[in-house]
Amino acid sequence: MRFNAIYWSVEEKEEKVLEWNEHIEWAHKERENYKQQIKIAYKDIQNFGINNLVCPGKPNSLDITIHISWDYAQQIQLPHLSQQEGDMYFKSLYKVHLFGICDDAFPRQVNYLIKESELVGKGADTVISLVHNYFELHGLGEKRLVIHADYCSGQNKNNAIITYLAWRVLTGLYDKITYCFMVAGHTKFSPDGFFGLIKLLLRKSEVDNLDYLIKVVQNSTPGGYNIAQTVFDKQNQVVHFYEWTDWLKQQFITIPNILTPLF
């Protein structure tokens, strides 16, 4: 019904069936690759010893592979009352945006809580700024990194993100970075699971402001696997947002032969 298949000819139906089967097989292969990369990272961490890992670590100092995945969650509106009946009391709620970066091998997830007055957009510059902050504050110093992200072209699948990761390799912060995308329509992965744990506790919690929301994130898992990270730590700004796109292009002007396809 969605594609008006009743009006297709027999040949068109056969072509579509083959196309959809290829799509499902492609999604299955990507999911298997996703699981395999997590297993490799988990094995490296276990061999090295979790107790020997220091966060943040010196970049490119540990001969291990780390796997991370990131995604945006649906924004959270405050105040949140478990018995609230819609817009009866608040016509305009205060929005808090949630961006999670999951270290799948531990597993643990750093959840960036960004108030609507602090967010500068959801484009590539914001994603790079949050990822850059994650590497500085929560990185372990691994030599090899594997990343999975969804297929959103405005946030993940664009030249700015790829150029930023290439810059980290060229400047010696990593030996190798592998950047992968989940197949469109099959993008449920680790960050969604951690977001779900936060939403489960949020539904039965009374949250009046950001401080209460931080407690909900931290208490959403018994082992503290959900970590809350705010833009400001009391009076000091911990997370900074930069305009990366133009800056990265300037960095690669002197080596156009290496990264020409990115622009």
# chains A, B, ... in the order shown; residues from 1 in each chain; ligands from 1

call {"tool": "select_by_dssp", "arguments": {"residues": "region 56-229 of chain A", "states": "helix (DSSP H, G or I)", "output": "ChimeraX atom specification"}}
result
/A:124-138,159-170,190-203,210-218

call {"tool": "residues_around", "arguments": {"residues": "Leu119 (chain A)", "least_positions_apart": "2", "cutoff": "10 Å", "atoms": "only C-alpha atoms", "output": "PyMOL selection string"}}
result
chain A and resi 96-97+113-117+121-122+126+231+241

call {"tool": "residues_around", "arguments": {"residues": "Ile40 (chain A)", "least_positions_apart": "5", "cutoff": "9 Å", "atoms": "only C-alpha atoms", "output": "PyMOL selection string"}}
result
chain A and resi 35+45+65-67+105

call {"tool": "write_last_selection", "arguments": {"atoms": "all heavy atoms", "output": "PDB file, in the first residue's frame"}}
result
ATOM      1  N   LYS A  35      28.682  -5.824  15.593  1.00  0.00           N
ATOM      2  CA  LYS A  35      28.897  -6.722  16.739  1.00  0.00           C
ATOM      3  C   LYS A  35      30.348  -7.207  16.802  1.00  0.00           C
ATOM      4  O   LYS A  35      30.932  -7.309  17.887  1.00  0.00           O
ATOM      5  CB  LYS A  35      27.951  -7.917  16.649  1.00  0.00           C
ATOM      6  CG  LYS A  35      26.477  -7.553  16.779  1.00  0.00           C
ATOM      7  CD  LYS A  35      25.599  -8.792  16.636  1.00  0.00           C
ATOM      8  CE  LYS A  35      24.123  -8.440  16.762  1.00  0.00           C
ATOM      9  NZ  LYS A  35      23.255  -9.630  16.578  1.00  0.00           N
ATOM     10  N   ILE A  45      40.365  -4.583  25.663  1.00  0.00           N
ATOM     11  CA  ILE A  45      40.271  -3.990  26.999  1.00  0.00           C
ATOM     12  C   ILE A  45      40.506  -5.043  28.077  1.00  0.00           C
ATOM     13  O   ILE A  45      41.198  -4.805  29.068  1.00  0.00           O
ATOM     14  CB  ILE A  45      38.900  -3.307  27.175  1.00  0.00           C
ATOM     15  CG1 ILE A  45      38.845  -2.040  26.328  1.00  0.00           C
ATOM     16  CG2 ILE A  45      38.646  -2.966  28.641  1.00  0.00           C
ATOM     17  CD1 ILE A  45      37.532  -1.318  26.393  1.00  0.00           C
ATOM     18  N   THR A  65      42.262  -1.162  20.705  1.00  0.00           N
ATOM     19  CA  THR A  65      41.200  -0.671  19.815  1.00  0.00           C
ATOM     20  C   THR A  65      39.966  -0.373  20.654  1.00  0.00           C
ATOM     21  O   THR A  65      39.563  -1.182  21.491  1.00  0.00           O
ATOM     22  CB  THR A  65      40.856  -1.712  18.745  1.00  0.00           C
ATOM     23  OG1 THR A  65      42.022  -1.992  17.967  1.00  0.00           O
ATOM     24  CG2 THR A  65      39.749  -1.215  17.832  1.00  0.00           C
ATOM     25  N   ILE A  66      39.385   0.786  20.438  1.00  0.00           N
ATOM     26  CA  ILE A  66      38.168   1.188  21.142  1.00  0.00           C
ATOM     27  C   ILE A  66      37.045   1.377  20.131  1.00  0.00           C
ATOM     28  O   ILE A  66      37.271   1.865  19.018  1.00  0.00           O
ATOM     29  CB  ILE A  66      38.401   2.493  21.937  1.00  0.00           C
ATOM     30  CG1 ILE A  66      39.357   2.236  23.090  1.00  0.00           C
ATOM     31  CG2 ILE A  66      37.089   3.056  22.465  1.00  0.00           C
ATOM     32  CD1 ILE A  66      38.843   1.291  24.146  1.00  0.00           C
ATOM     33  N   HIS A  67      35.851   0.969  20.512  1.00  0.00           N
ATOM     34  CA  HIS A  67      34.674   1.147  19.647  1.00  0.00           C
ATOM     35  C   HIS A  67      33.688   2.073  20.338  1.00  0.00           C
ATOM     36  O   HIS A  67      33.300   1.838  21.485  1.00  0.00           O
ATOM     37  CB  HIS A  67      34.001  -0.202  19.367  1.00  0.00           C
ATOM     38  CG  HIS A  67      32.820  -0.095  18.443  1.00  0.00           C
ATOM     39  ND1 HIS A  67      31.575   0.322  18.873  1.00  0.00           N
ATOM     40  CD2 HIS A  67      32.690  -0.333  17.114  1.00  0.00           C
ATOM     41  CE1 HIS A  67      30.737   0.321  17.851  1.00  0.00           C
ATOM     42  NE2 HIS A  67      31.404  -0.067  16.770  1.00  0.00           N
ATOM     43  N   ALA A 105      32.466  -1.298  24.536  1.00  0.00           N
ATOM     44  CA  ALA A 105      33.178  -2.427  25.117  1.00  0.00           C
ATOM     45  C   ALA A 105      33.044  -2.475  26.635  1.00  0.00           C
ATOM     46  O   ALA A 105      33.196  -3.533  27.239  1.00  0.00           O
ATOM     47  CB  ALA A 105      34.647  -2.384  24.726  1.00  0.00           C
TER      48      ALA A 105
END

call {"tool": "residues_around", "arguments": {"residues": "Leu93 (chain A)", "least_positions_apart": "4", "cutoff": "9 Å", "atoms": "only C-alpha atoms", "output": "list of chain:residue names"}}
result
A:Gln77, A:Leu78, A:Pro79, A:His80, A:Asp87

call {"tool": "closest_residue", "arguments": {"among": "A:Val120, A:Phe3, A:Leu170, A:Asp150", "to": "Lys16 (chain A)", "atoms": "only C-alpha atoms"}}
result
A:Phe3

call {"tool": "atom_distance", "arguments": {"atom1": "CA of Trp247 (chain A)", "atom2": "CA of Thr171 (chain A)"}}
result
14.6 Å

call {"tool": "closest_residue", "arguments": {"among": "A:Val10, A:Ala228, A:Val183, A:Leu165", "to": "Arg144 (chain A)", "atoms": "only C-alpha atoms"}}
result
A:Leu165

call {"tool": "closest_residue", "arguments": {"among": "A:Leu81, A:Leu18, A:Met182, A:Ile50", "to": "Leu202 (chain A)", "atoms": "only C-alpha atoms"}}
result
A:Leu81

call {"tool": "residues_around", "arguments": {"residues": "region 232-238 of chain A", "least_positions_apart": "4", "cutoff": "12 Å", "atoms": "only C-alpha atoms", "output": "VMD selection string"}}
result
chain A and resid 112 to 115 118 129 to 130 132 to 134 136 to 137 210 to 211 214 228

call {"tool": "write_last_selection", "arguments": {"atoms": "all heavy atoms", "output": "compact mmCIF listing (two decimals), in the first residue's frame"}}
result
# COMPACT_ATOMS: atom_id res chain seq x y z
N TYR A 112 25.53 13.99 26.97
CA TYR A 112 25.66 15.45 27.01
C TYR A 112 24.27 16.06 27.13
O TYR A 112 23.42 15.88 26.26
CB TYR A 112 26.37 15.95 25.75
CG TYR A 112 27.85 15.68 25.75
CD1 TYR A 112 28.36 14.47 25.27
CD2 TYR A 112 28.75 16.61 26.26
CE1 TYR A 112 29.72 14.21 25.29
CE2 TYR A 112 30.12 16.36 26.27
CZ TYR A 112 30.59 15.16 25.79
OH TYR A 112 31.94 14.90 25.81
N LEU A 113 24.06 16.79 28.22
CA LEU A 113 22.79 17.47 28.48
C LEU A 113 22.97 18.94 28.13
O LEU A 113 23.71 19.66 28.81
CB LEU A 113 22.38 17.30 29.94
CG LEU A 113 22.26 15.85 30.43
CD1 LEU A 113 21.98 15.81 31.93
CD2 LEU A 113 21.17 15.11 29.67
N ILE A 114 22.30 19.39 27.08
CA ILE A 114 22.52 20.73 26.54
C ILE A 114 21.20 21.49 26.61
O ILE A 114 20.22 21.12 25.96
CB ILE A 114 23.02 20.66 25.09
CG1 ILE A 114 24.18 19.67 24.97
CG2 ILE A 114 23.44 22.04 24.61
CD1 ILE A 114 24.52 19.31 23.55
N LYS A 115 21.18 22.56 27.38
CA LYS A 115 19.98 23.38 27.49
C LYS A 115 19.75 24.13 26.18
O LYS A 115 20.68 24.40 25.43
CB LYS A 115 20.11 24.35 28.66
CG LYS A 115 20.23 23.66 30.02
CD LYS A 115 20.20 24.66 31.16
CE LYS A 115 21.47 25.48 31.21
NZ LYS A 115 21.51 26.34 32.42
N GLU A 118 21.90 26.95 25.32
CA GLU A 118 23.32 26.66 25.09
C GLU A 118 23.56 26.04 23.72
O GLU A 118 24.67 26.09 23.21
CB GLU A 118 23.84 25.71 26.17
CG GLU A 118 23.74 26.27 27.57
CD GLU A 118 24.00 25.22 28.64
OE1 GLU A 118 23.93 24.01 28.31
OE2 GLU A 118 24.24 25.60 29.81
N SER A 129 32.21 19.29 17.92
CA SER A 129 32.57 19.90 19.20
C SER A 129 32.33 18.95 20.35
O SER A 129 33.16 18.84 21.27
CB SER A 129 31.76 21.20 19.40
OG SER A 129 32.07 22.16 18.41
N LEU A 130 31.20 18.23 20.34
CA LEU A 130 30.90 17.29 21.41
C LEU A 130 31.83 16.09 21.38
O LEU A 130 32.31 15.63 22.42
CB LEU A 130 29.44 16.84 21.30
CG LEU A 130 28.39 17.94 21.51
CD1 LEU A 130 26.99 17.39 21.23
CD2 LEU A 130 28.46 18.51 22.91
N HIS A 132 34.86 16.05 20.08
CA HIS A 132 36.18 16.55 20.47
C HIS A 132 36.28 16.65 21.98
O HIS A 132 37.32 16.28 22.58
CB HIS A 132 36.43 17.90 19.81
CG HIS A 132 37.80 18.46 20.06
ND1 HIS A 132 38.92 17.97 19.44
CD2 HIS A 132 38.22 19.46 20.87
CE1 HIS A 132 39.98 18.64 19.84
NE2 HIS A 132 39.59 19.54 20.72
N ASN A 133 35.23 17.14 22.62
CA ASN A 133 35.22 17.22 24.09
C ASN A 133 35.27 15.84 24.72
O ASN A 133 35.95 15.64 25.73
CB ASN A 133 33.96 17.96 24.55
CG ASN A 133 33.87 18.06 26.05
OD1 ASN A 133 33.26 17.21 26.71
ND2 ASN A 133 34.48 19.08 26.61
N TYR A 134 34.59 14.88 24.10
CA TYR A 134 34.62 13.50 24.62
C TYR A 134 36.03 12.94 24.59
O TYR A 134 36.49 12.33 25.56
CB TYR A 134 33.68 12.63 23.80
CG TYR A 134 33.74 11.16 24.17
CD1 TYR A 134 33.00 10.66 25.23
CD2 TYR A 134 34.55 10.27 23.45
CE1 TYR A 134 33.07 9.31 25.59
CE2 TYR A 134 34.63 8.94 23.80
CZ TYR A 134 33.88 8.46 24.87
OH TYR A 134 33.97 7.13 25.22
N GLU A 136 38.78 14.60 24.75
CA GLU A 136 39.63 15.31 25.71
C GLU A 136 39.33 14.91 27.15
O GLU A 136 40.25 14.79 27.96
CB GLU A 136 39.43 16.82 25.55
CG GLU A 136 40.05 17.40 24.28
CD GLU A 136 39.99 18.91 24.27
OE1 GLU A 136 39.07 19.48 24.91
OE2 GLU A 136 40.85 19.54 23.63
N LEU A 137 38.06 14.68 27.48
CA LEU A 137 37.68 14.42 28.87
C LEU A 137 37.52 12.95 29.19
O LEU A 137 37.72 12.53 30.34
CB LEU A 137 36.37 15.16 29.21
CG LEU A 137 36.38 16.68 29.10
CD1 LEU A 137 35.04 17.23 29.56
CD2 LEU A 137 37.51 17.28 29.92
N LEU A 210 17.59 21.17 35.58
CA LEU A 210 18.68 20.37 35.03
C LEU A 210 19.37 19.54 36.11
O LEU A 210 19.82 18.42 35.85
CB LEU A 210 19.69 21.28 34.34
CG LEU A 210 20.85 20.58 33.60
CD1 LEU A 210 20.31 19.73 32.46
CD2 LEU A 210 21.85 21.60 33.08
N ASP A 211 19.46 20.06 37.33
CA ASP A 211 20.12 19.32 38.41
C ASP A 211 19.39 18.01 38.70
O ASP A 211 20.02 16.97 38.93
CB ASP A 211 20.18 20.16 39.67
CG ASP A 211 21.12 21.35 39.52
OD1 ASP A 211 22.06 21.24 38.71
OD2 ASP A 211 20.90 22.37 40.19
N ILE A 214 20.12 15.54 35.86
CA ILE A 214 21.44 14.91 36.00
C ILE A 214 21.34 13.70 36.93
O ILE A 214 21.91 12.63 36.65
CB ILE A 214 22.45 15.93 36.54
CG1 ILE A 214 22.72 17.00 35.49
CG2 ILE A 214 23.76 15.23 36.93
CD1 ILE A 214 23.58 18.15 36.00
N ALA A 228 26.45 11.64 33.13
CA ALA A 228 25.89 12.93 32.73
C ALA A 228 27.01 13.94 32.55
O ALA A 228 27.88 14.07 33.41
CB ALA A 228 24.89 13.42 33.77

call {"tool": "atom_distance", "arguments": {"atom1": "CA of Gln109 (chain A)", "atom2": "CA of Lys39 (chain A)"}}
result
17.1 Å

call {"tool": "residues_around", "arguments": {"residues": "Asp104 (chain A)", "least_positions_apart": "4", "cutoff": "7 Å", "atoms": "only C-alpha atoms", "output": "list in words"}}
result
Ile38, His67, Ile68 and Arg108 of chain A

call {"tool": "write_last_selection", "arguments": {"atoms": "all heavy atoms", "output": "PDB file, in the first residue's frame"}}
result
ATOM      1  N   ILE A  38      32.718  -4.574  18.217  1.00  0.00           N
ATOM      2  CA  ILE A  38      32.576  -4.461  19.668  1.00  0.00           C
ATOM      3  C   ILE A  38      33.327  -5.593  20.365  1.00  0.00           C
ATOM      4  O   ILE A  38      33.991  -5.394  21.391  1.00  0.00           O
ATOM      5  CB  ILE A  38      31.086  -4.459  20.069  1.00  0.00           C
ATOM      6  CG1 ILE A  38      30.393  -3.202  19.541  1.00  0.00           C
ATOM      7  CG2 ILE A  38      30.936  -4.549  21.585  1.00  0.00           C
ATOM      8  CD1 ILE A  38      28.909  -3.150  19.821  1.00  0.00           C
ATOM      9  N   HIS A  67      35.851   0.969  20.512  1.00  0.00           N
ATOM     10  CA  HIS A  67      34.674   1.147  19.647  1.00  0.00           C
ATOM     11  C   HIS A  67      33.688   2.073  20.338  1.00  0.00           C
ATOM     12  O   HIS A  67      33.300   1.838  21.485  1.00  0.00           O
ATOM     13  CB  HIS A  67      34.001  -0.202  19.367  1.00  0.00           C
ATOM     14  CG  HIS A  67      32.820  -0.095  18.443  1.00  0.00           C
ATOM     15  ND1 HIS A  67      31.575   0.322  18.873  1.00  0.00           N
ATOM     16  CD2 HIS A  67      32.690  -0.333  17.114  1.00  0.00           C
ATOM     17  CE1 HIS A  67      30.737   0.321  17.851  1.00  0.00           C
ATOM     18  NE2 HIS A  67      31.404  -0.067  16.770  1.00  0.00           N
ATOM     19  N   ILE A  68      33.296   3.151  19.649  1.00  0.00           N
ATOM     20  CA  ILE A  68      32.290   4.056  20.184  1.00  0.00           C
ATOM     21  C   ILE A  68      31.183   4.244  19.157  1.00  0.00           C
ATOM     22  O   ILE A  68      31.371   4.002  17.958  1.00  0.00           O
ATOM     23  CB  ILE A  68      32.889   5.430  20.562  1.00  0.00           C
ATOM     24  CG1 ILE A  68      33.407   6.161  19.310  1.00  0.00           C
ATOM     25  CG2 ILE A  68      33.974   5.283  21.606  1.00  0.00           C
ATOM     26  CD1 ILE A  68      33.855   7.590  19.598  1.00  0.00           C
ATOM     27  N   ARG A 108      29.600   1.818  28.622  1.00  0.00           N
ATOM     28  CA  ARG A 108      29.243   3.027  29.348  1.00  0.00           C
ATOM     29  C   ARG A 108      28.889   4.092  28.323  1.00  0.00           C
ATOM     30  O   ARG A 108      29.317   4.008  27.163  1.00  0.00           O
ATOM     31  CB  ARG A 108      30.397   3.505  30.232  1.00  0.00           C
ATOM     32  CG  ARG A 108      31.600   3.969  29.422  1.00  0.00           C
ATOM     33  CD  ARG A 108      32.720   4.480  30.284  1.00  0.00           C
ATOM     34  NE  ARG A 108      33.834   4.936  29.432  1.00  0.00           N
ATOM     35  CZ  ARG A 108      34.976   5.399  29.906  1.00  0.00           C
ATOM     36  NH1 ARG A 108      35.180   5.451  31.213  1.00  0.00           N
ATOM     37  NH2 ARG A 108      35.941   5.802  29.084  1.00  0.00           N
TER      38      ARG A 108
END

call {"tool": "residues_around", "arguments": {"residues": "region 173-176 of chain A", "least_positions_apart": "4", "cutoff": "10 Å", "atoms": "only C-alpha atoms", "output": "MDAnalysis selection string"}}
result
chainID A and resid 58:61 63 65 135 141:146 165:169

call {"tool": "closest_residue", "arguments": {"among": "A:Leu197, A:Leu213, A:Ile64, A:Leu140", "to": "Gln46 (chain A)", "atoms": "only C-alpha atoms"}}
result
A:Ile64

call {"tool": "closest_residue", "arguments": {"among": "A:Ser153, A:Thr178, A:Gly224, A:Thr163", "to": "Gln250 (chain A)", "atoms": "only C-alpha atoms"}}
result
A:Thr163
